[in-house]
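**Student:** Below is the file query_26.txt, which contains compact mmCIF, N, CA and C atoms.
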```
# COMPACT_ATOMS: atom_id res chain seq x y z
N MET A 1 144.15 154.91 113.90
CA MET A 1 143.55 154.65 112.61
C MET A 1 142.85 155.92 112.15
N ALA A 2 143.25 156.46 111.06
CA ALA A 2 142.69 157.72 110.57
C ALA A 2 141.36 157.47 109.87
N GLU A 3 140.39 158.27 110.20
CA GLU A 3 139.07 158.21 109.58
C GLU A 3 138.84 159.51 108.84
N LYS A 4 138.08 159.43 107.72
CA LYS A 4 137.79 160.63 106.94
C LYS A 4 136.78 161.53 107.64
N THR A 5 135.76 160.93 108.25
CA THR A 5 134.73 161.71 108.92
C THR A 5 134.70 161.34 110.40
N PRO A 6 134.49 162.32 111.25
CA PRO A 6 134.40 162.01 112.69
C PRO A 6 133.19 161.11 112.97
N GLN A 7 133.36 160.23 113.92
CA GLN A 7 132.30 159.29 114.28
C GLN A 7 131.27 159.98 115.16
N THR A 8 130.00 159.69 114.91
CA THR A 8 128.89 160.24 115.69
C THR A 8 127.89 159.12 115.96
N LEU A 9 126.84 159.45 116.70
CA LEU A 9 125.77 158.48 116.93
C LEU A 9 125.17 158.02 115.60
N ALA A 10 125.03 158.93 114.67
CA ALA A 10 124.40 158.62 113.39
C ALA A 10 125.23 157.69 112.51
N ASN A 11 126.56 157.73 112.65
CA ASN A 11 127.38 156.94 111.73
C ASN A 11 128.31 155.94 112.42
N HIS A 12 128.07 155.63 113.71
CA HIS A 12 129.01 154.78 114.43
C HIS A 12 128.89 153.30 114.10
N ALA A 13 127.76 152.88 113.55
CA ALA A 13 127.62 151.48 113.14
C ALA A 13 128.51 151.24 111.92
N ARG A 14 129.22 150.13 111.95
CA ARG A 14 130.18 149.87 110.88
C ARG A 14 129.81 148.61 110.11
N LEU A 15 130.08 148.62 108.84
CA LEU A 15 129.93 147.45 108.00
C LEU A 15 131.31 146.92 107.65
N ASP A 16 131.43 145.62 107.65
CA ASP A 16 132.66 144.96 107.22
C ASP A 16 132.37 144.33 105.86
N PRO A 17 132.77 144.99 104.76
CA PRO A 17 132.37 144.52 103.43
C PRO A 17 132.61 143.04 103.15
N PRO A 18 133.78 142.47 103.47
CA PRO A 18 133.93 141.03 103.19
C PRO A 18 132.89 140.16 103.91
N PHE A 19 132.51 140.57 105.12
CA PHE A 19 131.51 139.80 105.86
C PHE A 19 130.10 140.11 105.38
N HIS A 20 129.73 141.39 105.40
CA HIS A 20 128.35 141.78 105.11
C HIS A 20 127.97 141.66 103.63
N PHE A 21 128.93 141.85 102.75
CA PHE A 21 128.60 141.87 101.31
C PHE A 21 129.11 140.66 100.55
N PHE A 22 129.87 139.77 101.21
CA PHE A 22 130.30 138.55 100.53
C PHE A 22 129.88 137.30 101.30
N LEU A 23 130.40 137.12 102.52
CA LEU A 23 130.12 135.89 103.27
C LEU A 23 128.64 135.69 103.58
N LEU A 24 127.98 136.72 104.10
CA LEU A 24 126.55 136.57 104.42
C LEU A 24 125.70 136.27 103.19
N PRO A 25 125.85 137.03 102.10
CA PRO A 25 125.06 136.70 100.92
C PRO A 25 125.37 135.31 100.35
N VAL A 26 126.65 134.93 100.34
CA VAL A 26 126.99 133.59 99.84
C VAL A 26 126.34 132.52 100.71
N ALA A 27 126.37 132.70 102.02
CA ALA A 27 125.75 131.73 102.92
C ALA A 27 124.24 131.66 102.68
N ALA A 28 123.60 132.82 102.53
CA ALA A 28 122.16 132.84 102.31
C ALA A 28 121.77 132.20 100.98
N VAL A 29 122.50 132.54 99.92
CA VAL A 29 122.20 131.97 98.61
C VAL A 29 122.45 130.46 98.61
N THR A 30 123.49 130.03 99.32
CA THR A 30 123.79 128.61 99.40
C THR A 30 122.68 127.84 100.09
N ILE A 31 122.15 128.39 101.17
CA ILE A 31 121.04 127.73 101.87
C ILE A 31 119.82 127.67 100.96
N VAL A 32 119.46 128.79 100.36
CA VAL A 32 118.27 128.82 99.48
C VAL A 32 118.44 127.84 98.33
N ASN A 33 119.60 127.83 97.71
CA ASN A 33 119.85 126.94 96.58
C ASN A 33 119.79 125.47 97.01
N SER A 34 120.38 125.13 98.14
CA SER A 34 120.38 123.73 98.57
C SER A 34 118.97 123.26 98.94
N VAL A 35 118.17 124.12 99.58
CA VAL A 35 116.79 123.75 99.90
C VAL A 35 115.98 123.61 98.60
N TYR A 36 116.20 124.52 97.66
CA TYR A 36 115.52 124.43 96.36
C TYR A 36 115.87 123.11 95.67
N GLN A 37 117.14 122.75 95.67
CA GLN A 37 117.57 121.49 95.03
C GLN A 37 116.93 120.28 95.72
N LEU A 38 116.81 120.33 97.04
CA LEU A 38 116.19 119.23 97.77
C LEU A 38 114.71 119.10 97.40
N VAL A 39 114.01 120.22 97.39
CA VAL A 39 112.59 120.20 97.03
C VAL A 39 112.42 119.70 95.60
N ARG A 40 113.26 120.19 94.70
CA ARG A 40 113.20 119.74 93.29
C ARG A 40 113.43 118.24 93.17
N SER A 41 114.42 117.74 93.91
CA SER A 41 114.72 116.30 93.79
C SER A 41 113.56 115.46 94.33
N ILE A 42 112.90 115.93 95.37
CA ILE A 42 111.76 115.19 95.92
C ILE A 42 110.59 115.21 94.94
N ILE A 43 110.34 116.39 94.36
CA ILE A 43 109.24 116.51 93.38
C ILE A 43 109.53 115.66 92.14
N ASP A 44 110.79 115.63 91.71
CA ASP A 44 111.16 114.94 90.47
C ASP A 44 111.31 113.43 90.63
N GLY A 45 111.19 112.92 91.80
CA GLY A 45 111.29 111.47 91.85
C GLY A 45 111.76 110.87 93.14
N GLY A 46 111.96 111.64 94.13
CA GLY A 46 112.30 111.00 95.38
C GLY A 46 113.39 111.70 96.14
N PHE A 47 113.56 111.21 97.34
CA PHE A 47 114.54 111.76 98.26
C PHE A 47 115.93 111.24 97.91
N HIS A 48 116.91 112.17 97.88
CA HIS A 48 118.32 111.78 97.65
C HIS A 48 119.13 112.26 98.84
N PHE A 49 119.81 111.31 99.47
CA PHE A 49 120.56 111.62 100.67
C PHE A 49 121.59 112.73 100.44
N MET A 50 122.31 112.69 99.34
CA MET A 50 123.36 113.69 99.10
C MET A 50 122.79 115.09 98.91
N VAL A 51 121.62 115.20 98.33
CA VAL A 51 120.98 116.51 98.18
C VAL A 51 120.57 117.03 99.55
N ALA A 52 120.03 116.14 100.38
CA ALA A 52 119.67 116.54 101.75
C ALA A 52 120.93 116.89 102.54
N TRP A 53 121.99 116.15 102.32
CA TRP A 53 123.25 116.44 103.03
C TRP A 53 123.79 117.83 102.63
N ASN A 54 123.58 118.24 101.40
CA ASN A 54 123.99 119.58 100.98
C ASN A 54 123.25 120.66 101.76
N VAL A 55 121.99 120.41 102.12
CA VAL A 55 121.24 121.36 102.95
C VAL A 55 121.90 121.46 104.32
N VAL A 56 122.25 120.31 104.90
CA VAL A 56 122.91 120.30 106.20
C VAL A 56 124.25 121.04 106.13
N LEU A 57 125.03 120.78 105.08
CA LEU A 57 126.33 121.46 104.92
C LEU A 57 126.17 122.96 104.73
N SER A 58 125.16 123.38 103.98
CA SER A 58 124.96 124.81 103.77
C SER A 58 124.54 125.49 105.07
N LEU A 59 123.73 124.82 105.88
CA LEU A 59 123.35 125.36 107.19
C LEU A 59 124.57 125.42 108.11
N ALA A 60 125.40 124.39 108.07
CA ALA A 60 126.62 124.39 108.89
C ALA A 60 127.55 125.53 108.48
N PHE A 61 127.66 125.78 107.18
CA PHE A 61 128.48 126.88 106.69
C PHE A 61 127.95 128.21 107.20
N ALA A 62 126.64 128.40 107.12
CA ALA A 62 126.04 129.66 107.58
C ALA A 62 126.23 129.84 109.08
N VAL A 63 126.03 128.79 109.85
CA VAL A 63 126.22 128.87 111.30
C VAL A 63 127.68 129.19 111.62
N ALA A 64 128.61 128.55 110.92
CA ALA A 64 130.04 128.81 111.15
C ALA A 64 130.38 130.27 110.85
N VAL A 65 129.88 130.79 109.75
CA VAL A 65 130.14 132.19 109.39
C VAL A 65 129.64 133.12 110.50
N LEU A 66 128.42 132.89 110.96
CA LEU A 66 127.85 133.75 112.00
C LEU A 66 128.57 133.60 113.33
N LYS A 67 128.89 132.37 113.72
CA LYS A 67 129.55 132.15 115.00
C LYS A 67 130.96 132.75 115.01
N ILE A 68 131.68 132.62 113.92
CA ILE A 68 133.03 133.20 113.85
C ILE A 68 132.95 134.71 114.03
N ARG A 69 131.98 135.33 113.40
CA ARG A 69 131.79 136.77 113.55
C ARG A 69 131.41 137.13 114.99
N LEU A 70 130.49 136.37 115.57
CA LEU A 70 130.05 136.66 116.93
C LEU A 70 131.17 136.45 117.96
N TYR A 71 132.03 135.45 117.73
CA TYR A 71 133.15 135.24 118.65
C TYR A 71 134.10 136.42 118.63
N ALA A 72 134.36 136.95 117.46
CA ALA A 72 135.25 138.12 117.36
C ALA A 72 134.61 139.34 118.04
N LEU A 73 133.32 139.54 117.83
CA LEU A 73 132.64 140.67 118.48
C LEU A 73 132.61 140.51 119.99
N LYS A 74 132.43 139.28 120.47
CA LYS A 74 132.40 139.05 121.92
C LYS A 74 133.79 139.33 122.52
N ALA A 75 134.84 138.96 121.81
CA ALA A 75 136.19 139.26 122.30
C ALA A 75 136.40 140.78 122.36
N GLN A 76 135.93 141.49 121.35
CA GLN A 76 136.03 142.95 121.36
C GLN A 76 135.23 143.54 122.52
N ASP A 77 134.05 142.99 122.77
CA ASP A 77 133.23 143.47 123.88
C ASP A 77 133.94 143.29 125.22
N ARG A 78 134.63 142.17 125.38
CA ARG A 78 135.36 141.93 126.63
C ARG A 78 136.47 142.96 126.81
N VAL A 79 137.17 143.27 125.74
CA VAL A 79 138.25 144.27 125.83
C VAL A 79 137.66 145.64 126.13
N ILE A 80 136.57 145.99 125.46
CA ILE A 80 135.92 147.28 125.70
C ILE A 80 135.48 147.39 127.16
N ARG A 81 134.88 146.31 127.68
CA ARG A 81 134.45 146.30 129.08
C ARG A 81 135.62 146.58 130.01
N LEU A 82 136.74 145.92 129.77
CA LEU A 82 137.92 146.12 130.60
C LEU A 82 138.44 147.55 130.48
N GLU A 83 138.54 148.05 129.24
CA GLU A 83 139.02 149.42 129.04
C GLU A 83 138.14 150.44 129.76
N GLU A 84 136.83 150.26 129.66
CA GLU A 84 135.93 151.23 130.28
C GLU A 84 135.96 151.14 131.80
N ARG A 85 136.11 149.94 132.33
CA ARG A 85 136.24 149.82 133.79
C ARG A 85 137.52 150.52 134.27
N LEU A 86 138.61 150.31 133.52
CA LEU A 86 139.86 150.98 133.90
C LEU A 86 139.74 152.49 133.77
N ARG A 87 139.11 152.95 132.70
CA ARG A 87 138.94 154.39 132.50
C ARG A 87 138.08 154.99 133.61
N LEU A 88 136.99 154.34 133.94
CA LEU A 88 136.11 154.84 135.00
C LEU A 88 136.81 154.79 136.36
N THR A 89 137.62 153.77 136.59
CA THR A 89 138.36 153.68 137.85
C THR A 89 139.30 154.86 138.01
N SER A 90 139.91 155.27 136.90
CA SER A 90 140.86 156.39 137.00
C SER A 90 140.16 157.75 137.02
N LEU A 91 138.95 157.85 136.47
CA LEU A 91 138.26 159.15 136.38
C LEU A 91 137.24 159.38 137.50
N ALA A 92 136.62 158.33 137.97
CA ALA A 92 135.49 158.47 138.90
C ALA A 92 135.97 158.62 140.35
N GLN A 93 135.16 159.32 141.10
CA GLN A 93 135.37 159.46 142.54
C GLN A 93 134.39 158.51 143.25
N GLU A 94 134.65 158.28 144.52
CA GLU A 94 133.70 157.49 145.31
C GLU A 94 132.41 158.29 145.46
N PRO A 95 131.26 157.72 145.51
CA PRO A 95 130.94 156.31 145.57
C PRO A 95 130.81 155.64 144.20
N LEU A 96 130.90 156.43 143.10
CA LEU A 96 130.75 155.85 141.76
C LEU A 96 131.82 154.80 141.49
N ARG A 97 133.04 155.07 141.91
CA ARG A 97 134.14 154.15 141.63
C ARG A 97 133.83 152.75 142.16
N SER A 98 133.27 152.65 143.33
CA SER A 98 132.99 151.33 143.92
C SER A 98 131.78 150.65 143.28
N ARG A 99 131.03 151.36 142.45
CA ARG A 99 129.83 150.79 141.82
C ARG A 99 130.04 150.46 140.34
N ILE A 100 131.26 150.63 139.84
CA ILE A 100 131.53 150.38 138.41
C ILE A 100 131.13 148.96 138.01
N GLY A 101 131.36 148.01 138.90
CA GLY A 101 131.02 146.62 138.61
C GLY A 101 129.54 146.37 138.40
N GLU A 102 128.69 147.30 138.81
CA GLU A 102 127.24 147.16 138.65
C GLU A 102 126.77 147.54 137.25
N LEU A 103 127.62 148.22 136.47
CA LEU A 103 127.24 148.60 135.11
C LEU A 103 127.16 147.34 134.25
N SER A 104 126.14 147.27 133.43
CA SER A 104 126.00 146.10 132.54
C SER A 104 127.01 146.19 131.40
N GLU A 105 127.18 145.07 130.74
CA GLU A 105 128.08 145.04 129.59
C GLU A 105 127.64 146.05 128.53
N GLY A 106 126.36 146.10 128.25
CA GLY A 106 125.84 147.04 127.25
C GLY A 106 126.07 148.49 127.64
N GLN A 107 125.88 148.78 128.93
CA GLN A 107 126.11 150.15 129.40
C GLN A 107 127.58 150.54 129.24
N LEU A 108 128.48 149.63 129.63
CA LEU A 108 129.92 149.92 129.49
C LEU A 108 130.31 150.12 128.03
N ILE A 109 129.75 149.30 127.17
CA ILE A 109 130.07 149.40 125.74
C ILE A 109 129.55 150.72 125.18
N ALA A 110 128.39 151.16 125.62
CA ALA A 110 127.85 152.45 125.18
C ALA A 110 128.66 153.61 125.74
N LEU A 111 129.13 153.48 126.97
CA LEU A 111 129.89 154.57 127.61
C LEU A 111 131.23 154.83 126.93
N ARG A 112 131.72 153.87 126.14
CA ARG A 112 133.03 154.08 125.49
C ARG A 112 133.01 155.26 124.55
N PHE A 113 131.82 155.67 124.10
CA PHE A 113 131.71 156.79 123.17
C PHE A 113 131.70 158.14 123.88
N ALA A 114 131.56 158.14 125.20
CA ALA A 114 131.48 159.39 125.96
C ALA A 114 132.88 159.93 126.23
N SER A 115 133.01 161.23 126.15
CA SER A 115 134.30 161.86 126.44
C SER A 115 134.61 161.71 127.93
N ASP A 116 135.87 161.91 128.29
CA ASP A 116 136.28 161.83 129.69
C ASP A 116 135.53 162.84 130.55
N ASP A 117 135.17 163.97 129.96
CA ASP A 117 134.46 165.02 130.71
C ASP A 117 133.07 164.61 131.16
N GLU A 118 132.41 163.72 130.41
CA GLU A 118 131.03 163.39 130.73
C GLU A 118 130.79 161.93 131.09
N VAL A 119 131.80 161.08 130.99
CA VAL A 119 131.59 159.65 131.21
C VAL A 119 131.15 159.34 132.63
N CYS A 120 131.69 160.03 133.62
CA CYS A 120 131.31 159.75 135.02
C CYS A 120 129.86 160.14 135.29
N GLU A 121 129.46 161.28 134.76
CA GLU A 121 128.06 161.71 134.92
C GLU A 121 127.11 160.71 134.28
N LEU A 122 127.44 160.28 133.06
CA LEU A 122 126.58 159.32 132.35
C LEU A 122 126.57 157.96 133.05
N ALA A 123 127.71 157.55 133.59
CA ALA A 123 127.77 156.28 134.32
C ALA A 123 126.91 156.35 135.58
N GLY A 124 126.98 157.47 136.26
CA GLY A 124 126.14 157.65 137.45
C GLY A 124 124.66 157.60 137.12
N LYS A 125 124.27 158.26 136.02
CA LYS A 125 122.87 158.23 135.59
C LYS A 125 122.47 156.82 135.18
N ALA A 126 123.38 156.12 134.51
CA ALA A 126 123.09 154.75 134.07
C ALA A 126 122.84 153.84 135.26
N LEU A 127 123.62 154.03 136.32
CA LEU A 127 123.43 153.22 137.52
C LEU A 127 122.14 153.60 138.25
N ALA A 128 121.86 154.87 138.33
CA ALA A 128 120.68 155.34 139.07
C ALA A 128 119.38 154.97 138.35
N ASP A 129 119.36 155.12 137.03
CA ASP A 129 118.13 154.95 136.27
C ASP A 129 118.07 153.66 135.45
N GLN A 130 119.13 152.83 135.55
CA GLN A 130 119.22 151.63 134.70
C GLN A 130 119.02 152.01 133.22
N THR A 131 119.73 153.05 132.82
CA THR A 131 119.63 153.56 131.46
C THR A 131 120.07 152.50 130.45
N ARG A 132 119.30 152.38 129.38
CA ARG A 132 119.63 151.43 128.32
C ARG A 132 120.78 151.98 127.48
N PRO A 133 121.59 151.09 126.87
CA PRO A 133 122.73 151.54 126.06
C PRO A 133 122.37 152.55 124.98
N ALA A 134 121.26 152.35 124.30
CA ALA A 134 120.86 153.29 123.24
C ALA A 134 120.62 154.67 123.80
N GLU A 135 120.02 154.74 124.99
CA GLU A 135 119.76 156.04 125.63
C GLU A 135 121.06 156.69 126.09
N ILE A 136 122.00 155.88 126.54
CA ILE A 136 123.31 156.43 126.93
C ILE A 136 123.96 157.09 125.72
N LYS A 137 123.94 156.40 124.60
CA LYS A 137 124.55 156.95 123.38
C LYS A 137 123.87 158.26 122.97
N LYS A 138 122.55 158.31 123.08
CA LYS A 138 121.82 159.53 122.71
C LYS A 138 122.14 160.69 123.66
N SER A 139 122.52 160.38 124.90
CA SER A 139 122.81 161.42 125.90
C SER A 139 124.20 162.02 125.76
N ILE A 140 125.05 161.41 124.96
CA ILE A 140 126.43 161.88 124.85
C ILE A 140 126.46 163.19 124.08
N LYS A 141 127.13 164.19 124.67
CA LYS A 141 127.24 165.50 124.03
C LYS A 141 128.53 165.60 123.21
N LYS A 142 129.61 165.08 123.73
CA LYS A 142 130.90 165.11 123.03
C LYS A 142 131.31 163.68 122.72
N TRP A 143 131.09 163.28 121.47
CA TRP A 143 131.29 161.90 121.04
C TRP A 143 132.77 161.58 120.93
N ARG A 144 133.15 160.44 121.46
CA ARG A 144 134.53 159.94 121.37
C ARG A 144 134.48 158.70 120.48
N GLY A 145 135.00 158.82 119.29
CA GLY A 145 134.89 157.72 118.30
C GLY A 145 135.64 156.48 118.70
N ASP A 146 135.09 155.34 118.30
CA ASP A 146 135.76 154.04 118.45
C ASP A 146 136.04 153.54 117.03
N TYR A 147 137.22 153.83 116.54
CA TYR A 147 137.55 153.53 115.15
C TYR A 147 138.16 152.15 114.97
N TRP A 148 138.31 151.39 116.04
CA TRP A 148 138.93 150.08 115.95
C TRP A 148 137.91 148.96 115.83
N ARG A 149 136.66 149.23 116.20
CA ARG A 149 135.63 148.18 116.18
C ARG A 149 135.32 147.80 114.75
N VAL A 150 135.17 146.52 114.52
CA VAL A 150 134.79 146.02 113.21
C VAL A 150 133.37 145.54 113.27
```
Could you quickly redo this structure as structure tokens?
**Tutor:**
Amino acid sequence: MAEKTPQTLANHARLDPPFHFFLLPVAAVTIVNSVYQLVRSIIDGGFHFMVAWNVVLSLAFAVAVLKIRLYALKAQDRVIRLEERLRLTSLAQEPLRSRIGELSEGQLIALRFASDDEVCELAGKALADQTRPAEIKKSIKKWRGDYWRV
């Protein structure tokens, strides 16, 4: 996938316009509007089941939107974990190779941005110091972009 600008720590976070600029705002506005309608109906004369049910439906819609997104991200995380374990298995020497399973999911996901030249060193430091993913990313000297993540 061709990118116009090389990926770095500063620009690696990605926005998905249909999700971030359409689905999330629609879900938020729908919740606010349905709660507003419920409050209005109570103030104007009483509780109406269908107005309350619209609040429940709008919350269900918002939860569905978020869960669908999170399921896709979790599937991507699983693939990234597998790819990084395979990459480290082929690049690392013992004793690091036998300790790959000790890396956390977050550490493996952060290590995907490290070049082959530095990934073993960073993995070793991550194991020794329990380095947090954000710190791993900051330690990378030669960034390897992940242009497939959404």
**Student:** As a ChimeraX atom specification, list the residues of segment 1-128 of chain A assigned to alpha helix (DSSP H) by DSSP on the backbone atoms of this structure.
**Tutor:** /A:17-18,24-44,49-91,105-111,116-128
**Student:** State, in Å with one decimal place, the distance from atom CA of Val55 of chain A to atom C of Ser34 of chain A.
**Tutor:**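 Atom C of Ser34 of chain A lies 5.0 Å from atom CA of Val55 of chain A.
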**Student:** When you count all atoms listed in the file, which of these residues is closest to Ala114 of chain A: A:Arg87, A:Arg81, A:Arg132, A:Arg144?
**Tutor:**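 Ranked by minimum distance to Ala114 of chain A, first place goes to A:Arg144.
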**Student:** Near segment 5-8 of chain A, within 6.5 Å and counting all atoms listed in the file, which residues show up once chain neighbours fewer than 2 positions away are dropped, as a compact mmCIF listing (two decimals) with N, CA and C atoms, in the coordinates of the input?
**Tutor:**
```txt
# COMPACT_ATOMS: atom_id res chain seq x y z
N GLU A 3 140.39 158.27 110.20
CA GLU A 3 139.07 158.21 109.58
C GLU A 3 138.84 159.51 108.84
N ALA A 10 125.03 158.93 114.67
CA ALA A 10 124.40 158.62 113.39
C ALA A 10 125.23 157.69 112.51
N ASN A 11 126.56 157.73 112.65
CA ASN A 11 127.38 156.94 111.73
C ASN A 11 128.31 155.94 112.42
N HIS A 12 128.07 155.63 113.71
CA HIS A 12 129.01 154.78 114.43
C HIS A 12 128.89 153.30 114.10
N TRP A 143 131.09 163.28 121.47
CA TRP A 143 131.29 161.90 121.04
C TRP A 143 132.77 161.58 120.93
N ARG A 144 133.15 160.44 121.46
CA ARG A 144 134.53 159.94 121.37
C ARG A 144 134.48 158.70 120.48
N GLY A 145 135.00 158.82 119.29
CA GLY A 145 134.89 157.72 118.30
C GLY A 145 135.64 156.48 118.70
N ASP A 146 135.09 155.34 118.30
CA ASP A 146 135.76 154.04 118.45
C ASP A 146 136.04 153.54 117.03
```
**Student:** My list of candidates is A:Ile80, A:Ala27, A:Leu127, A:Leu91. Which is closest to Val63 of chain A when distances are computed with all atoms listed in the file?
**Tutor:**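 Looking only at the distances to Val63 of chain A, the closest residue turns out to be A:Ala27.
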**Student:** To one decimal place in Å, what is the distance between atom CA of Ala123 of chain A and atom N of Tyr147 of chain A?
**Tutor:**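 Between these atoms lies a distance of 20.3 Å.
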**Student:** With distances taken over only C-alpha atoms, which of A:Ala52, A:Ala110, A:Val79, A:Val119 is nearest to Trp148 of chain A?
**Tutor:**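 Answer, going by the shortest atom-to-atom distance: A:Val79.
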**Student:** Interatomic distance between atom CA of Ser104 of chain A and atom C of Tyr71 of chain A?
**Tutor:**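 These atoms are spaced 18.8 Å apart.
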**Student:** For Leu23 of chain A, please output as a PDB file with N, CA and C atoms, in the frame of the given file all residues within 8 Å (counting only N, CA and C atoms; exclusion window: fewer than 4 positions along the same chain).
**Tutor:**
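What ended up in part.pdb:
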```
ATOM      1  N   PRO A  17     132.770 144.990 104.760  1.00  0.00           N
ATOM      2  CA  PRO A  17     132.370 144.520 103.430  1.00  0.00           C
ATOM      3  C   PRO A  17     132.610 143.040 103.150  1.00  0.00           C
ATOM      4  N   PRO A  18     133.780 142.470 103.470  1.00  0.00           N
ATOM      5  CA  PRO A  18     133.930 141.030 103.190  1.00  0.00           C
ATOM      6  C   PRO A  18     132.890 140.160 103.910  1.00  0.00           C
ATOM      7  N   PHE A  19     132.510 140.570 105.120  1.00  0.00           N
ATOM      8  CA  PHE A  19     131.510 139.800 105.860  1.00  0.00           C
ATOM      9  C   PHE A  19     130.100 140.110 105.380  1.00  0.00           C
ATOM     10  N   ALA A  27     126.370 132.700 102.020  1.00  0.00           N
ATOM     11  CA  ALA A  27     125.750 131.730 102.920  1.00  0.00           C
ATOM     12  C   ALA A  27     124.240 131.660 102.680  1.00  0.00           C
ATOM     13  N   ALA A  28     123.600 132.820 102.530  1.00  0.00           N
ATOM     14  CA  ALA A  28     122.160 132.840 102.310  1.00  0.00           C
ATOM     15  C   ALA A  28     121.770 132.200 100.980  1.00  0.00           C
ATOM     16  N   VAL A  29     122.500 132.540  99.920  1.00  0.00           N
ATOM     17  CA  VAL A  29     122.200 131.970  98.610  1.00  0.00           C
ATOM     18  C   VAL A  29     122.450 130.460  98.610  1.00  0.00           C
ATOM     19  N   ALA A  62     126.640 128.400 107.120  1.00  0.00           N
ATOM     20  CA  ALA A  62     126.040 129.660 107.580  1.00  0.00           C
ATOM     21  C   ALA A  62     126.230 129.840 109.080  1.00  0.00           C
ATOM     22  N   VAL A  65     129.880 130.790 109.750  1.00  0.00           N
ATOM     23  CA  VAL A  65     130.140 132.190 109.390  1.00  0.00           C
ATOM     24  C   VAL A  65     129.640 133.120 110.500  1.00  0.00           C
ATOM     25  N   LEU A  66     128.420 132.890 110.960  1.00  0.00           N
ATOM     26  CA  LEU A  66     127.850 133.750 112.000  1.00  0.00           C
ATOM     27  C   LEU A  66     128.570 133.600 113.330  1.00  0.00           C
TER      28      LEU A  66
END
```
